[in-house]
Amino acid sequence: MNYIKRIDKKIIIDGSENNTTFYKCLKHLCIAHFKSIDDLKISIKNVLNIKSEPPLYISKEILFIYSGSLHSKDIILINYFNVEDILFLDYQTIIIFKDKSSLTTSISKFRITRMLKKAKIVLDYVAKNNI
């Protein structure tokens, strides 16, 4: 899975529309790995002192980074582990995934850089503690 995108009530997973809700999709992923969304957010906020937009480390294959609130009508969760490259253009950012698919978004370079720094903090902690 490369990304989950919510636009209003529409859910798009890796470019395909899905009939589930955003939270059901995210909850299903978490439960499949014996985790909960709220526990992930609280743990990362408290242990790593990441107060806003904490990356969601679900498994060794899924680490979602995002910009904005999970309650927002428009949000994109990007699987950090599947990102191969990021191209910053004037008013767009193109995220290229390992499977050569891509996602074009308006998330700024500043916000992407901040999201990547937070992911690195989580990954350093995971590696240090053999999680």
# chains A, B, ... in the order shown; residues from 1 in each chain; ligands from 1
>>> residues_around(residues="Glu84 of chain A", least_positions_apart="2", cutoff="6 Å", atoms="only C-alpha atoms", output="count of residues only")
3
>>> residues_around(residues="segment 1-13 of chain A", least_positions_apart="3", cutoff="8 Å", atoms="only C-alpha atoms", output="ChimeraX atom specification")
/A:16-22,62,73-79,82-83,97
>>> closest_residue(among="A:Ile112, A:Leu26, A:Ile37, A:Ile58", to="Gln92 of chain A", atoms="only C-alpha atoms")
A:Ile112
>>> residues_around(residues="Asp90 of chain A", least_positions_apart="4", cutoff="10 Å", atoms="only C-alpha atoms", output="list in words")
Ser106, Ser108 and Lys109 of chain A
>>> closest_residue(among="A:Lys35, A:Leu70, A:Tyr57, A:Gly15", to="Ser102 of chain A", atoms="only C-alpha atoms")
A:Gly15
>>> select_by_dssp(residues="segment 19-72 of chain A", states="alpha helix (DSSP H)", output="ChimeraX atom specification")
/A:22-32,37-48
>>> select_by_dssp(residues="segment 19-131 of chain A", states="strand (DSSP E)", output="NGL selection string")
:A and (56-57 or 63-66 or 74-79 or 83-88 or 93-97 or 102-105)
>>> write_last_selection(atoms="C-alpha atoms", output="compact mmCIF listing (two decimals), in the first residue's frame")
# COMPACT_ATOMS: atom_id res chain seq x y z
CA LEU A 56 1.68 6.05 12.40
CA TYR A 57 4.05 3.09 12.68
CA LEU A 63 4.68 3.81 8.36
CA PHE A 64 2.16 6.48 7.46
CA ILE A 65 3.23 10.11 7.33
CA TYR A 66 0.65 12.82 6.79
CA ASP A 74 -8.97 16.08 2.71
CA ILE A 75 -5.97 14.11 3.89
CA ILE A 76 -3.35 11.84 2.41
CA LEU A 77 -1.53 9.18 4.40
CA ILE A 78 1.69 8.25 2.61
CA ASN A 79 3.47 4.98 3.34
CA VAL A 83 8.47 6.19 -1.27
CA GLU A 84 11.30 6.06 -3.78
CA ASP A 85 11.63 9.73 -4.72
CA ILE A 86 10.00 13.12 -4.22
CA LEU A 87 9.97 15.84 -6.86
CA PHE A 88 9.22 19.39 -5.79
CA THR A 93 4.86 17.78 -5.22
CA ILE A 94 5.12 14.45 -7.00
CA ILE A 95 5.75 11.41 -4.83
CA ILE A 96 7.15 8.46 -6.75
CA PHE A 97 6.71 5.04 -5.18
CA SER A 102 3.09 8.31 -8.41
CA LEU A 103 0.93 10.72 -6.48
CA THR A 104 0.66 14.43 -7.25
CA THR A 105 -0.21 16.64 -4.32
>>> residues_around(residues="Leu40 of chain A", least_positions_apart="4", cutoff="12 Å", atoms="only C-alpha atoms", output="ChimeraX atom specification")
/A:26-27,30-31,33-36,44-48,50,53-59,63-64,122
>>> write_last_selection(atoms="C-alpha atoms", output="compact mmCIF listing (two decimals), in the first residue's frame")
# COMPACT_ATOMS: atom_id res chain seq x y z
CA LEU A 26 -7.17 2.72 8.90
CA LYS A 27 -8.68 0.78 11.79
CA CYS A 30 -4.15 -1.33 12.62
CA ILE A 31 -6.19 -4.26 13.92
CA HIS A 33 -1.26 -5.70 13.16
CA PHE A 34 -2.73 -5.84 16.70
CA LYS A 35 -2.69 -2.06 17.17
CA SER A 36 -5.16 0.79 17.51
CA ILE A 44 4.34 8.31 19.64
CA LYS A 45 3.29 11.63 21.13
CA ASN A 46 4.31 10.64 24.66
CA VAL A 47 7.40 8.51 24.05
CA LEU A 48 8.93 10.54 21.21
CA ILE A 50 5.97 14.43 18.62
CA GLU A 53 0.83 14.83 13.12
CA PRO A 54 2.70 11.86 14.61
CA PRO A 55 3.68 9.25 12.03
CA LEU A 56 1.68 6.05 12.40
CA TYR A 57 4.05 3.09 12.68
CA ILE A 58 1.83 0.10 11.98
CA SER A 59 4.39 -2.53 10.92
CA LEU A 63 4.68 3.81 8.36
CA PHE A 64 2.16 6.48 7.46
CA VAL A 122 10.16 7.04 14.77
>>> closest_residue(among="A:Lys100, A:Lys60, A:Lys117, A:His71", to="Asn130 of chain A", atoms="only C-alpha atoms")
A:Lys60
>>> closest_residue(among="A:Lys120, A:Gly68, A:Cys25, A:Tyr125", to="Ile107 of chain A", atoms="only C-alpha atoms")
A:Gly68
>>> atom_distance(atom1="atom CA of Arg111 of chain A", atom2="atom CA of Ser67 of chain A")
6.9 Å
>>> atom_distance(atom1="atom CA of Ser69 of chain A", atom2="atom CA of Ala119 of chain A")
16.4 Å
